[in-house]
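One structure is given here, and the rest of the page talks about it.
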Amino acid sequence: MARHKELDDEKVLQDIYNSAVEILAAEGLDGLSIRKICRMANISTGTFYHYYPTKSDLMRRLLDYMENFYKNDVVPGLSGSGTEMLYDICIAFVQRMLRRGLDYAKKFIDFDNNDTLTVDDFSQLYLGKVFYGVAQKCIDDGEIKDGFTRHDIVMMAKSVSHGCVLNYNNLNASVDAADIAHKTITAFINGIKK
């Protein structure tokens, strides 16, 4: 295995992140191992441990990295006001859950818990980080009533979106899910806007 001759911290960290994301997306948390990360990143395990004493340390840093990536790179590229983006993200979340089915939707009520990741879950963490980035934009732009934190906004948005899917399934798909989601999410956003 070739090694990074001179440790370029930024490059090594990026290689570790990219490898971890690829493995998580393909195999889930159970398939993620330090050995696999090292093999894919073309580094030694000693180099990995130089940066991260444990796999849990890597996961915590990876989630921070994703949040910063979405806040700094993805969210600014979205169009519209923060609340318009929040609406779009909620609708995308509902559509994704409806496509994947009720069991998939149920487990994502706790998509911020990285201890329960499976092969289908890691991309949902990305969507969760988009929620956080958009919620922060809503606050930064002064669109939200005083007293709401970005965590409050994300938890409410997640619950409202999740509720749209559960209600749709509980009614045996006898309603127009898109229409219900539109009305419910619009009411939620209007309730927190200034």
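Note on naming: chains are A, B, ... as they come in the structure tokens, residues start from 1 per chain, ligands start from 1 in the order shown.
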
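Taking only C-alpha atoms, the non-local environment of stretch 134-139 of chain A within 6 Å (same-chain residues fewer than 5 positions away omitted) comprises Gly82, Thr83, Ile144 and Arg150 of chain A.
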
Would you mind listing what lies within 7 Å of stretch 177-191 of chain A as number ranges by chain, with only C-alpha atoms counted and same-chain residues fewer than 3 positions away left out?
A: 83, 87, 91, 160, 164, 168

Using only C-alpha atoms, pick whichever of A:Pro53, A:Met59, A:Lys11, A:Gly147 has the shortest atom-to-atom distance to A:Ala41.
A:Lys11

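Proximity to A:Tyr17 was assessed for A:Leu98, A:Leu166, A:Cys38, A:Leu78 counting only C-alpha atoms; the smallest distance is recorded for A:Cys38.
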
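With distances restricted to only C-alpha atoms, A:Ile192 is the closest residue to A:Met156 from A:Gln14, A:Ser33, A:Tyr65, A:Ile192.
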
So that I can see what lies close to A:Leu13, please list as a PyMOL selection string the residues with an atom at most 9 Å from it, counting only C-alpha atoms and leaving out residues fewer than 4 positions away in the same chain.
chain A and resi 8-9+17-18+48+51

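Ranking A:Asp15, A:Glu10, A:Asp176, A:Glu143 by their shortest atom-to-atom distance to A:Ser81, with only C-alpha atoms included, puts A:Glu143 first.
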
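For the set A:Arg35, A:Lys145, A:Lys193, A:Lys158, the residue with the smallest atom-to-atom gap to A:Ala20 is A:Arg35, counting only C-alpha atoms.
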